[in-house]
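For reference, the structure discussed in these notes is given below.
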Amino acid sequence: MSSVPVKQKAFVVPKTGGREVLEFKDAPVPTVSTTEILVKNEYAGLNFIDSYFRSGLYPASTPYVAGGEAAGTVVAVGSSVTKFKVGDRVAWLGSGAFAEYSAVDEGGSVSVIPEDIDFKTAAASLLQGLTALSLVKDAYEVKPGDWILVQAAAGGMGLLLCQLINNIGAHAIGTVSTPEKAALAKSAGAEYVINYTKDDYVKKVLELTDGLGVHAAFDGVGKATFEGSFSLVRRKGSMITFGNASGAVPPFNLARLSQKNIKLLRPMRSNYMATPEERDFYTSELWKAIADGSLKITVYKVYPLEDYRSAAEALETRLSTGKVVLKC
């Protein structure tokens with residue numbers, strides 16, 4: 001522990017609010033408990049859920065160090081730790097990622113990074129990659145020939161979903177807001193791409209599916225797109241709403257599901273990976289897909305840690321495509 005400093009730089013959320021409440025300041029380096037490892041973070045990934053906690057949409061006790069995803073090197077281990085050792089390269093999910101050092105419980109979502117995957121790719125892929133895999137395998141098991149709607153197809157999650165859907169042999173229909181994003185979604189495997197600023201995507205999807213609609217809609221946008229997505233789900237199809245990028249979906253009358261016997265799901269990634277066996281399965285699937293090239297990780301931009309506010313703005317205003325990453 002002699003090489004580990006006492007103080008570090010970190011982004012702290014002192015109270016709920018917008019990006020203006022974020023404070024970049026000196027903070028203590030965490031002291032590990034018996035079951036924790038101390039990770040010197042190299043890169044951290046941004047996710048919309050960071051803003052949900054900061055804004056108060058999801059409850060969190062303040063103050064806290066922002067961020068929930070990073071990759072780095074283990075520099076210290078608790079006395080009861082058996083799975084990891086000093087020097088291991090790991091990627092992890094938890095709390096306190098937007099800092100130089102983070103304490104992570106060895107029993108949580110933490111994995112040794114394969115040698116052929118770098119820190120930046122690992123930090124950019126873990127949360128969204130695991131989420132995307134769980135959506136196409138568990139939330140709705142995508143099958144060859146299925147028609148699948150992907151809202152915000154050029155975002156980090158959208159690009160991963162389009163690739164996975166295409167790899168399975170299903171038809172991915174992606175929605176985007178610019179020609180540049182359309183090209184990106186197309187390159188990721190979206191068979192059809194609709195620019196919703198120019199075309200009525202509901203009408204276009206119905207045309208593509210002969211009026212039947214899609215077998216499943218994957219919608220991480222939330223409030224702004226829920227009704228459109230829901231209207232496009234065919235009889236006995238599935239509506240998967242997994243994010244709130246535009247705000248939370250308003251209260252929903254369950255009787256509406258009976259009109260087409262639609263299944264409605266609001267999944268949480270962690271509930272698909274609640275056991276060590278489930279976490280190991282999905283993590284190994286992710287690393288394998290990245291290593292063999294069947295899943296490509298698109299990084300929009302790497303920002304220095306001190307520029308987190310700018311990075312958050314790029315993500316939250318939907319300026320970014322792919323993954324926004326911090327260099328810690």
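In the structure tokens, chains take letters A, B, ... by order of appearance, with residues numbered from 1 within each chain and ligands from 1 in the order shown.
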Pull the strand (DSSP E or B) assignments for segment 137-276 of chain A out of DSSP run on the backbone, and list those residues as a short mmCIF file (atom, residue, chain, number, x, y, z; two decimals) with N, CA, C and O atoms, in the first residue's frame.
data_model
loop_
_atom_site.label_atom_id
_atom_site.label_comp_id
_atom_site.auth_asym_id
_atom_site.auth_seq_id
_atom_site.Cartn_x
_atom_site.Cartn_y
_atom_site.Cartn_z
N TRP A 147 -38.14 -9.42 -36.68
CA TRP A 147 -38.04 -7.99 -36.95
C TRP A 147 -37.93 -7.27 -35.61
O TRP A 147 -38.79 -7.43 -34.74
N ILE A 148 -36.85 -6.50 -35.45
CA ILE A 148 -36.56 -5.87 -34.16
C ILE A 148 -36.34 -4.36 -34.35
O ILE A 148 -35.54 -3.95 -35.20
N LEU A 149 -37.05 -3.57 -33.57
CA LEU A 149 -36.86 -2.12 -33.58
C LEU A 149 -35.84 -1.73 -32.52
O LEU A 149 -35.95 -2.15 -31.37
N VAL A 150 -34.86 -0.91 -32.92
CA VAL A 150 -33.86 -0.39 -31.99
C VAL A 150 -33.93 1.13 -32.02
O VAL A 150 -33.55 1.76 -33.02
N GLY A 155 -26.42 5.23 -30.74
CA GLY A 155 -25.83 5.40 -29.42
C GLY A 155 -25.02 4.18 -29.05
O GLY A 155 -24.96 3.18 -29.78
N HIS A 171 -33.72 -9.08 -38.43
CA HIS A 171 -33.76 -7.80 -39.15
C HIS A 171 -33.80 -6.66 -38.14
O HIS A 171 -34.79 -6.49 -37.42
N ALA A 172 -32.74 -5.87 -38.08
CA ALA A 172 -32.69 -4.72 -37.17
C ALA A 172 -33.14 -3.46 -37.89
O ALA A 172 -32.61 -3.13 -38.96
N ILE A 173 -34.13 -2.79 -37.33
CA ILE A 173 -34.59 -1.49 -37.83
C ILE A 173 -34.17 -0.45 -36.81
O ILE A 173 -34.62 -0.48 -35.66
N GLY A 174 -33.30 0.47 -37.20
CA GLY A 174 -32.79 1.47 -36.27
C GLY A 174 -33.33 2.85 -36.54
O GLY A 174 -33.54 3.23 -37.70
N THR A 175 -33.58 3.62 -35.49
CA THR A 175 -33.97 5.02 -35.64
C THR A 175 -32.80 5.90 -35.22
O THR A 175 -32.07 5.60 -34.26
N VAL A 176 -32.61 7.00 -35.97
CA VAL A 176 -31.52 7.94 -35.71
C VAL A 176 -32.01 9.36 -36.01
O VAL A 176 -33.12 9.55 -36.54
N TYR A 192 -32.19 -1.74 -41.80
CA TYR A 192 -32.94 -0.55 -42.22
C TYR A 192 -32.73 0.55 -41.18
O TYR A 192 -32.75 0.27 -39.98
N VAL A 193 -32.52 1.77 -41.66
CA VAL A 193 -32.30 2.90 -40.76
C VAL A 193 -33.27 4.01 -41.13
O VAL A 193 -33.41 4.35 -42.32
N ILE A 194 -33.94 4.58 -40.14
CA ILE A 194 -34.93 5.63 -40.36
C ILE A 194 -34.51 6.88 -39.61
O ILE A 194 -34.29 6.84 -38.39
N ASN A 195 -34.38 7.99 -40.34
CA ASN A 195 -34.09 9.28 -39.72
C ASN A 195 -35.42 9.88 -39.29
O ASN A 195 -36.20 10.36 -40.11
N VAL A 214 -43.20 -5.15 -35.32
CA VAL A 214 -41.98 -5.86 -34.96
C VAL A 214 -42.25 -6.92 -33.89
O VAL A 214 -43.19 -6.81 -33.11
N HIS A 215 -41.39 -7.93 -33.87
CA HIS A 215 -41.48 -8.95 -32.84
C HIS A 215 -41.09 -8.39 -31.47
O HIS A 215 -41.63 -8.83 -30.44
N ALA A 216 -40.15 -7.44 -31.48
CA ALA A 216 -39.75 -6.81 -30.22
C ALA A 216 -39.23 -5.41 -30.51
O ALA A 216 -38.62 -5.16 -31.56
N ALA A 217 -39.48 -4.50 -29.57
CA ALA A 217 -38.93 -3.15 -29.63
C ALA A 217 -38.00 -2.98 -28.44
O ALA A 217 -38.40 -3.22 -27.29
N PHE A 218 -36.76 -2.59 -28.71
CA PHE A 218 -35.79 -2.27 -27.66
C PHE A 218 -35.69 -0.75 -27.58
O PHE A 218 -35.16 -0.10 -28.50
N ASP A 219 -36.18 -0.18 -26.49
CA ASP A 219 -36.29 1.27 -26.37
C ASP A 219 -35.59 1.75 -25.10
O ASP A 219 -36.07 1.55 -23.99
N VAL A 233 -45.28 -2.77 -31.91
CA VAL A 233 -45.12 -4.16 -31.50
C VAL A 233 -46.31 -4.98 -32.04
O VAL A 233 -47.47 -4.61 -31.86
N ARG A 234 -46.00 -6.06 -32.70
CA ARG A 234 -47.04 -6.88 -33.31
C ARG A 234 -47.76 -7.74 -32.26
O ARG A 234 -47.35 -7.80 -31.10
N ARG A 235 -48.79 -8.41 -32.69
CA ARG A 235 -49.54 -9.32 -31.82
C ARG A 235 -48.59 -10.36 -31.22
O ARG A 235 -47.78 -10.96 -31.91
N LYS A 236 -48.67 -10.53 -29.92
CA LYS A 236 -47.84 -11.46 -29.14
C LYS A 236 -46.37 -11.05 -29.12
O LYS A 236 -45.50 -11.87 -28.79
N GLY A 237 -46.09 -9.79 -29.47
CA GLY A 237 -44.72 -9.30 -29.44
C GLY A 237 -44.32 -8.78 -28.07
O GLY A 237 -45.09 -8.85 -27.11
N SER A 238 -43.10 -8.24 -28.00
CA SER A 238 -42.54 -7.79 -26.72
C SER A 238 -42.08 -6.34 -26.81
O SER A 238 -41.38 -5.95 -27.75
N MET A 239 -42.47 -5.57 -25.82
CA MET A 239 -42.03 -4.18 -25.67
C MET A 239 -41.02 -4.14 -24.52
O MET A 239 -41.36 -4.38 -23.37
N ILE A 240 -39.76 -3.85 -24.86
CA ILE A 240 -38.69 -3.82 -23.87
C ILE A 240 -38.25 -2.37 -23.69
O ILE A 240 -37.62 -1.79 -24.57
N THR A 241 -38.59 -1.78 -22.57
CA THR A 241 -38.17 -0.40 -22.29
C THR A 241 -37.09 -0.47 -21.21
O THR A 241 -37.33 -0.95 -20.11
N LYS A 263 -46.28 -8.40 -24.48
CA LYS A 263 -45.51 -8.54 -23.25
C LYS A 263 -44.73 -7.24 -23.03
O LYS A 263 -44.04 -6.76 -23.94
N LEU A 264 -44.82 -6.69 -21.83
CA LEU A 264 -44.12 -5.45 -21.48
C LEU A 264 -43.11 -5.75 -20.39
O LEU A 264 -43.45 -6.34 -19.37
N LEU A 265 -41.86 -5.32 -20.61
CA LEU A 265 -40.81 -5.60 -19.65
C LEU A 265 -39.95 -4.36 -19.43
O LEU A 265 -39.58 -3.67 -20.38
#
**OP:** May I have the residues within 7 Å of Tyr101 of chain A as a PyMOL selection string, using only C-alpha atoms and disregarding those fewer than 4 positions away in the same chain?
**Re:** chain A and resi 29+38-41
Selection file, all heavy atoms, as a PDB file, in the first residue's frame:
ATOM      1  N   VAL A  29      -8.446   8.495  -0.983  1.00  0.00           N
ATOM      2  CA  VAL A  29      -8.385   7.205  -1.653  1.00  0.00           C
ATOM      3  C   VAL A  29      -9.063   6.184  -0.736  1.00  0.00           C
ATOM      4  O   VAL A  29      -8.771   6.140   0.460  1.00  0.00           O
ATOM      5  CB  VAL A  29      -6.931   6.791  -1.933  1.00  0.00           C
ATOM      6  CG1 VAL A  29      -6.858   5.347  -2.430  1.00  0.00           C
ATOM      7  CG2 VAL A  29      -6.308   7.732  -2.951  1.00  0.00           C
ATOM      8  N   LEU A  38      -8.643  -2.713  -4.361  1.00  0.00           N
ATOM      9  CA  LEU A  38      -8.453  -1.312  -4.733  1.00  0.00           C
ATOM     10  C   LEU A  38      -7.931  -1.271  -6.160  1.00  0.00           C
ATOM     11  O   LEU A  38      -6.906  -1.889  -6.477  1.00  0.00           O
ATOM     12  CB  LEU A  38      -7.461  -0.619  -3.801  1.00  0.00           C
ATOM     13  CG  LEU A  38      -7.288   0.894  -4.029  1.00  0.00           C
ATOM     14  CD1 LEU A  38      -8.578   1.641  -3.700  1.00  0.00           C
ATOM     15  CD2 LEU A  38      -6.121   1.444  -3.211  1.00  0.00           C
ATOM     16  N   VAL A  39      -8.659  -0.567  -7.019  1.00  0.00           N
ATOM     17  CA  VAL A  39      -8.314  -0.507  -8.440  1.00  0.00           C
ATOM     18  C   VAL A  39      -7.821   0.884  -8.784  1.00  0.00           C
ATOM     19  O   VAL A  39      -8.477   1.888  -8.453  1.00  0.00           O
ATOM     20  CB  VAL A  39      -9.536  -0.853  -9.322  1.00  0.00           C
ATOM     21  CG1 VAL A  39      -9.153  -0.793 -10.804  1.00  0.00           C
ATOM     22  CG2 VAL A  39     -10.081  -2.231  -8.978  1.00  0.00           C
ATOM     23  N   LYS A  40      -6.657   0.963  -9.420  1.00  0.00           N
ATOM     24  CA  LYS A  40      -6.194   2.227 -10.007  1.00  0.00           C
ATOM     25  C   LYS A  40      -6.814   2.312 -11.386  1.00  0.00           C
ATOM     26  O   LYS A  40      -6.426   1.595 -12.308  1.00  0.00           O
ATOM     27  CB  LYS A  40      -4.673   2.283 -10.100  1.00  0.00           C
ATOM     28  CG  LYS A  40      -4.154   3.631 -10.604  1.00  0.00           C
ATOM     29  CD  LYS A  40      -2.650   3.661 -10.735  1.00  0.00           C
ATOM     30  CE  LYS A  40      -2.172   5.078 -11.083  1.00  0.00           C
ATOM     31  NZ  LYS A  40      -2.807   5.624 -12.322  1.00  0.00           N
ATOM     32  N   ASN A  41      -7.810   3.171 -11.516  1.00  0.00           N
ATOM     33  CA  ASN A  41      -8.574   3.231 -12.760  1.00  0.00           C
ATOM     34  C   ASN A  41      -7.747   3.845 -13.889  1.00  0.00           C
ATOM     35  O   ASN A  41      -7.061   4.854 -13.695  1.00  0.00           O
ATOM     36  CB  ASN A  41      -9.844   4.061 -12.548  1.00  0.00           C
ATOM     37  CG  ASN A  41     -10.776   3.438 -11.536  1.00  0.00           C
ATOM     38  OD1 ASN A  41     -10.968   2.233 -11.525  1.00  0.00           O
ATOM     39  ND2 ASN A  41     -11.361   4.264 -10.675  1.00  0.00           N
TER      40      ASN A  41
END
Original post:
Any idea what's packed within 12 Å of Val21 of chain A, counting only C-alpha atoms, ignoring anything in its chain fewer than 3 positions away? Could you give it as a PyMOL selection string?
Top reply: chain A and resi 11-18+24+51+54-55+62-64+66+309
Could you write out that same residue set with C-alpha atoms as a PDB file, in the first residue's frame?
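Saved the output as result.pdb:
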ATOM      1  CA  PHE A  11     -15.818  13.978  -9.341  1.00  0.00           C
ATOM      2  CA  VAL A  12     -18.209  14.302  -6.425  1.00  0.00           C
ATOM      3  CA  VAL A  13     -21.975  14.794  -6.522  1.00  0.00           C
ATOM      4  CA  PRO A  14     -22.681  16.908  -3.411  1.00  0.00           C
ATOM      5  CA  LYS A  15     -26.427  17.188  -4.023  1.00  0.00           C
ATOM      6  CA  THR A  16     -28.988  16.267  -6.647  1.00  0.00           C
ATOM      7  CA  GLY A  17     -29.203  18.452  -9.729  1.00  0.00           C
ATOM      8  CA  GLY A  18     -27.850  19.036 -13.215  1.00  0.00           C
ATOM      9  CA  PHE A  24     -13.920  18.031  -9.247  1.00  0.00           C
ATOM     10  CA  SER A  51     -27.442  11.258 -14.739  1.00  0.00           C
ATOM     11  CA  ARG A  54     -27.356  12.743 -10.087  1.00  0.00           C
ATOM     12  CA  SER A  55     -30.771  14.201 -10.946  1.00  0.00           C
ATOM     13  CA  THR A  62     -25.188  12.463  -1.286  1.00  0.00           C
ATOM     14  CA  PRO A  63     -22.363  13.270  -1.358  1.00  0.00           C
ATOM     15  CA  TYR A  64     -20.923  10.457  -3.459  1.00  0.00           C
ATOM     16  CA  ALA A  66     -19.864   9.754  -9.518  1.00  0.00           C
ATOM     17  CA  ARG A 309     -18.868  17.845 -17.324  1.00  0.00           C
TER      18      ARG A 309
END
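Each of A:Leu46, A:Leu57, A:Val75, A:Leu295 was compared to Val4 of chain A using only C-alpha atoms, and A:Val75 turns out to be the nearest.
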If we count only C-alpha atoms, what is near segment 104-119 of chain A at a cut-off of 10 Å, once residues fewer than 3 positions away on the same chain are taken out, given as a CSV table (one decimal) with N, CA, C and O atoms, in the first residue's frame?
chain,number,residue,atom,x,y,z
A,30,PRO,N,-10.0,5.4,-1.3
A,30,PRO,CA,-10.7,4.4,-0.4
A,30,PRO,C,-9.8,3.4,0.3
A,30,PRO,O,-8.8,3.0,-0.3
A,32,VAL,N,-9.6,-0.3,1.6
A,32,VAL,CA,-10.4,-1.5,1.2
A,32,VAL,C,-10.8,-2.3,2.5
A,32,VAL,O,-10.1,-2.3,3.5
A,33,SER,N,-12.0,-2.9,2.4
A,33,SER,CA,-12.4,-3.8,3.5
A,33,SER,C,-11.8,-5.2,3.2
A,33,SER,O,-11.1,-5.4,2.2
A,34,THR,N,-12.2,-6.1,4.0
A,34,THR,CA,-11.6,-7.5,3.9
A,34,THR,C,-11.9,-8.1,2.5
A,34,THR,O,-11.2,-9.0,2.0
A,35,THR,N,-13.1,-7.7,2.0
A,35,THR,CA,-13.6,-8.4,0.7
A,35,THR,C,-13.4,-7.5,-0.5
A,35,THR,O,-13.9,-7.9,-1.6
A,36,GLU,N,-12.7,-6.4,-0.4
A,36,GLU,CA,-12.6,-5.5,-1.5
A,36,GLU,C,-11.2,-5.5,-2.1
A,36,GLU,O,-10.2,-5.9,-1.5
A,37,ILE,N,-11.2,-5.0,-3.4
A,37,ILE,CA,-9.9,-4.8,-4.0
A,37,ILE,C,-9.8,-3.3,-4.3
A,37,ILE,O,-10.9,-2.6,-4.5
A,38,LEU,N,-8.6,-2.7,-4.4
A,38,LEU,CA,-8.5,-1.3,-4.7
A,38,LEU,C,-7.9,-1.3,-6.2
A,38,LEU,O,-6.9,-1.9,-6.5
A,39,VAL,N,-8.7,-0.6,-7.0
A,39,VAL,CA,-8.3,-0.5,-8.4
A,39,VAL,C,-7.8,0.9,-8.8
A,39,VAL,O,-8.5,1.9,-8.5
A,41,ASN,N,-7.8,3.2,-11.5
A,41,ASN,CA,-8.6,3.2,-12.8
A,41,ASN,C,-7.7,3.8,-13.9
A,41,ASN,O,-7.1,4.9,-13.7
A,42,GLU,N,-7.8,3.2,-15.0
A,42,GLU,CA,-7.2,3.8,-16.3
A,42,GLU,C,-8.2,4.5,-17.1
A,42,GLU,O,-8.0,5.6,-17.6
A,43,TYR,N,-9.4,3.9,-17.3
A,43,TYR,CA,-10.5,4.5,-18.1
A,43,TYR,C,-11.8,4.2,-17.4
A,43,TYR,O,-11.9,3.2,-16.7
A,44,ALA,N,-12.8,5.1,-17.6
A,44,ALA,CA,-14.1,5.0,-17.0
A,44,ALA,C,-15.1,5.3,-18.1
A,44,ALA,O,-14.9,6.1,-18.9
A,69,GLU,N,-18.6,2.6,-13.8
A,69,GLU,CA,-18.0,1.6,-14.7
A,69,GLU,C,-16.6,2.1,-15.0
A,69,GLU,O,-16.3,3.2,-15.4
A,70,ALA,N,-15.6,1.2,-14.8
A,70,ALA,CA,-14.2,1.5,-15.1
A,70,ALA,C,-13.4,0.3,-15.3
A,70,ALA,O,-13.8,-0.9,-15.1
A,71,ALA,N,-12.1,0.5,-15.7
A,71,ALA,CA,-11.2,-0.6,-15.9
A,71,ALA,C,-9.8,-0.1,-15.5
A,71,ALA,O,-9.5,1.1,-15.7
A,72,GLY,N,-9.0,-1.0,-14.8
A,72,GLY,CA,-7.7,-0.5,-14.3
A,72,GLY,C,-7.0,-1.7,-13.7
A,72,GLY,O,-7.3,-2.9,-14.0
A,73,THR,N,-6.0,-1.4,-12.9
A,73,THR,CA,-5.1,-2.4,-12.3
A,73,THR,C,-5.4,-2.5,-10.8
A,73,THR,O,-5.5,-1.5,-10.1
A,74,VAL,N,-5.4,-3.7,-10.3
A,74,VAL,CA,-5.5,-4.0,-8.9
A,74,VAL,C,-4.2,-3.6,-8.2
A,74,VAL,O,-3.1,-4.1,-8.5
A,77,VAL,N,-5.4,-5.6,-2.1
A,77,VAL,CA,-6.5,-6.5,-1.9
A,77,VAL,C,-6.8,-6.7,-0.4
A,77,VAL,O,-5.9,-6.6,0.4
A,78,GLY,N,-8.1,-6.9,-0.1
A,78,GLY,CA,-8.4,-7.1,1.3
A,78,GLY,C,-8.0,-8.5,1.8
A,78,GLY,O,-7.7,-9.4,0.9
A,80,SER,N,-9.4,-11.0,2.9
A,80,SER,CA,-10.2,-12.2,2.6
A,80,SER,C,-10.4,-12.4,1.1
A,80,SER,O,-11.1,-13.4,0.6
A,81,VAL,N,-9.8,-11.6,0.2
A,81,VAL,CA,-9.9,-11.7,-1.2
A,81,VAL,C,-9.2,-12.9,-1.7
A,81,VAL,O,-8.0,-13.1,-1.4
A,82,THR,N,-9.9,-13.7,-2.6
A,82,THR,CA,-9.3,-14.9,-3.1
A,82,THR,C,-9.3,-14.9,-4.7
A,82,THR,O,-8.5,-15.7,-5.3
A,83,LYS,N,-10.2,-14.1,-5.3
A,83,LYS,CA,-10.3,-14.2,-6.7
A,83,LYS,C,-9.3,-13.3,-7.5
A,83,LYS,O,-9.1,-13.5,-8.7
A,84,PHE,N,-8.8,-12.3,-6.8
A,84,PHE,CA,-7.9,-11.3,-7.5
A,84,PHE,C,-6.6,-11.1,-6.7
A,84,PHE,O,-6.6,-11.3,-5.5
A,88,ASP,N,-3.5,-7.6,-11.3
A,88,ASP,CA,-4.6,-8.0,-12.2
A,88,ASP,C,-5.2,-6.8,-12.9
A,88,ASP,O,-5.4,-5.8,-12.4
A,89,ARG,N,-5.4,-7.0,-14.2
A,89,ARG,CA,-6.2,-6.0,-15.0
A,89,ARG,C,-7.6,-6.4,-14.9
A,89,ARG,O,-8.0,-7.5,-15.3
A,90,VAL,N,-8.5,-5.5,-14.4
A,90,VAL,CA,-9.9,-5.8,-14.2
A,90,VAL,C,-10.8,-4.7,-14.8
A,90,VAL,O,-10.4,-3.5,-14.9
A,91,ALA,N,-12.0,-5.1,-15.1
A,91,ALA,CA,-13.1,-4.2,-15.5
A,91,ALA,C,-14.2,-4.4,-14.4
A,91,ALA,O,-14.4,-5.5,-14.0
A,92,TRP,N,-14.8,-3.3,-14.0
A,92,TRP,CA,-15.8,-3.5,-12.9
A,92,TRP,C,-17.0,-2.6,-13.1
A,92,TRP,O,-16.9,-1.5,-13.7
A,93,LEU,N,-18.1,-2.9,-12.4
A,93,LEU,CA,-19.3,-2.1,-12.3
A,93,LEU,C,-19.5,-1.9,-10.8
A,93,LEU,O,-19.4,-2.9,-10.0
A,94,GLY,N,-20.0,-0.7,-10.4
A,94,GLY,CA,-20.3,-0.5,-9.0
A,94,GLY,C,-20.5,1.0,-8.8
A,94,GLY,O,-21.4,1.6,-9.4
A,95,SER,N,-19.7,1.6,-7.9
A,95,SER,CA,-19.9,3.1,-7.7
A,95,SER,C,-18.5,3.7,-7.5
A,95,SER,O,-17.6,3.0,-7.1
A,96,GLY,N,-18.5,5.0,-7.7
A,96,GLY,CA,-17.2,5.7,-7.5
A,96,GLY,C,-16.2,5.6,-8.5
A,96,GLY,O,-15.0,5.6,-8.3
A,97,ALA,N,-16.6,5.5,-9.8
A,97,ALA,CA,-15.7,5.2,-10.9
A,97,ALA,C,-15.0,6.4,-11.4
A,97,ALA,O,-13.9,6.3,-12.0
A,101,TYR,N,-8.8,6.2,-8.1
A,101,TYR,CA,-8.9,4.9,-7.4
A,101,TYR,C,-10.3,4.6,-7.0
A,101,TYR,O,-11.0,5.5,-6.6
A,122,ALA,N,-12.3,-2.2,-22.6
A,122,ALA,CA,-13.0,-2.9,-21.5
A,122,ALA,C,-13.9,-1.9,-20.8
A,122,ALA,O,-15.1,-2.2,-20.5
A,123,ALA,N,-13.4,-0.7,-20.5
A,123,ALA,CA,-14.2,0.3,-19.8
A,123,ALA,C,-15.4,0.8,-20.7
A,123,ALA,O,-16.4,1.1,-20.1
A,124,ALA,N,-15.2,0.8,-22.0
A,124,ALA,CA,-16.3,1.2,-22.9
A,124,ALA,C,-17.3,0.2,-23.1
A,124,ALA,O,-18.4,0.5,-23.7
A,125,SER,N,-17.0,-1.1,-22.8
A,125,SER,CA,-17.9,-2.2,-23.2
A,125,SER,C,-18.7,-2.9,-22.1
A,125,SER,O,-19.7,-3.5,-22.3
A,126,LEU,N,-18.2,-2.8,-20.9
A,126,LEU,CA,-18.7,-3.7,-19.8
A,126,LEU,C,-20.2,-3.6,-19.6
A,126,LEU,O,-21.0,-4.5,-19.7
A,127,LEU,N,-20.6,-2.4,-19.1
A,127,LEU,CA,-22.0,-2.2,-18.8
A,127,LEU,C,-22.9,-2.4,-20.0
A,127,LEU,O,-23.9,-3.1,-19.9
A,270,SER,N,-28.7,-6.2,-13.7
A,270,SER,CA,-28.2,-6.9,-12.6
A,270,SER,C,-29.1,-8.1,-12.2
A,270,SER,O,-28.6,-9.1,-11.6
A,273,MET,N,-28.0,-11.1,-13.9
A,273,MET,CA,-26.6,-11.5,-13.5
A,273,MET,C,-26.5,-11.5,-12.0
A,273,MET,O,-25.5,-10.9,-11.4
A,274,ALA,N,-27.4,-12.1,-11.3
A,274,ALA,CA,-27.5,-12.0,-9.8
A,274,ALA,C,-26.6,-13.0,-9.2
A,274,ALA,O,-26.2,-12.9,-8.0
A,275,THR,N,-26.2,-14.1,-9.9
A,275,THR,CA,-25.4,-15.1,-9.3
A,275,THR,C,-24.0,-15.1,-10.0
A,275,THR,O,-23.9,-14.6,-11.1
A,276,PRO,N,-23.0,-15.6,-9.3
A,276,PRO,CA,-21.7,-15.7,-9.9
A,276,PRO,C,-21.7,-16.4,-11.2
A,276,PRO,O,-21.0,-16.0,-12.2
A,279,ARG,N,-23.1,-14.1,-13.9
A,279,ARG,CA,-22.1,-13.0,-14.2
A,279,ARG,C,-21.0,-13.6,-15.1
A,279,ARG,O,-20.6,-13.0,-16.0
A,280,ASP,N,-20.5,-14.8,-14.7
A,280,ASP,CA,-19.4,-15.4,-15.4
A,280,ASP,C,-19.8,-15.7,-16.9
A,280,ASP,O,-19.0,-15.5,-17.8
A,283,THR,N,-20.2,-12.3,-18.9
A,283,THR,CA,-18.9,-11.7,-19.0
A,283,THR,C,-18.0,-12.4,-20.0
A,283,THR,O,-17.4,-11.8,-20.9
A,284,SER,N,-18.0,-13.7,-19.9
A,284,SER,CA,-17.2,-14.5,-20.9
A,284,SER,C,-17.8,-14.4,-22.3
A,284,SER,O,-17.0,-14.3,-23.3
A,287,TRP,N,-16.5,-10.9,-23.5
A,287,TRP,CA,-15.1,-10.9,-23.9
A,287,TRP,C,-14.8,-11.7,-25.2
A,287,TRP,O,-14.0,-11.3,-26.0
A,288,LYS,N,-15.5,-12.8,-25.3
A,288,LYS,CA,-15.3,-13.7,-26.5
A,288,LYS,C,-15.7,-12.9,-27.7
A,288,LYS,O,-15.0,-12.9,-28.8
A,290,ILE,N,-15.9,-9.7,-28.3
A,290,ILE,CA,-15.0,-8.6,-28.6
A,290,ILE,C,-13.7,-9.1,-29.2
A,290,ILE,O,-13.2,-8.6,-30.2
A,291,ALA,N,-13.2,-10.2,-28.6
A,291,ALA,CA,-11.9,-10.8,-29.0
A,291,ALA,C,-12.0,-11.3,-30.4
A,291,ALA,O,-11.1,-11.2,-31.2
A,327,LYS,N,-10.5,9.3,-19.4
A,327,LYS,CA,-9.1,8.8,-19.1
A,327,LYS,C,-8.8,9.3,-17.6
A,327,LYS,O,-8.7,10.4,-17.3
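In terms of minimum interatomic distance to Val205 of chain A, A:Gln151 ranks closest within A:Pro251, A:Gln151, A:Leu184, A:Leu130, counting only C-alpha atoms.
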Original post:
Which is closest to Ala182 of chain A among A:Thr298, A:Thr321, A:Leu257, A:Leu160, if we use only C-alpha atoms?
Top reply: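 Between A:Thr298, A:Thr321, A:Leu257, A:Leu160, the residue approaching Ala182 of chain A most closely is A:Thr321.
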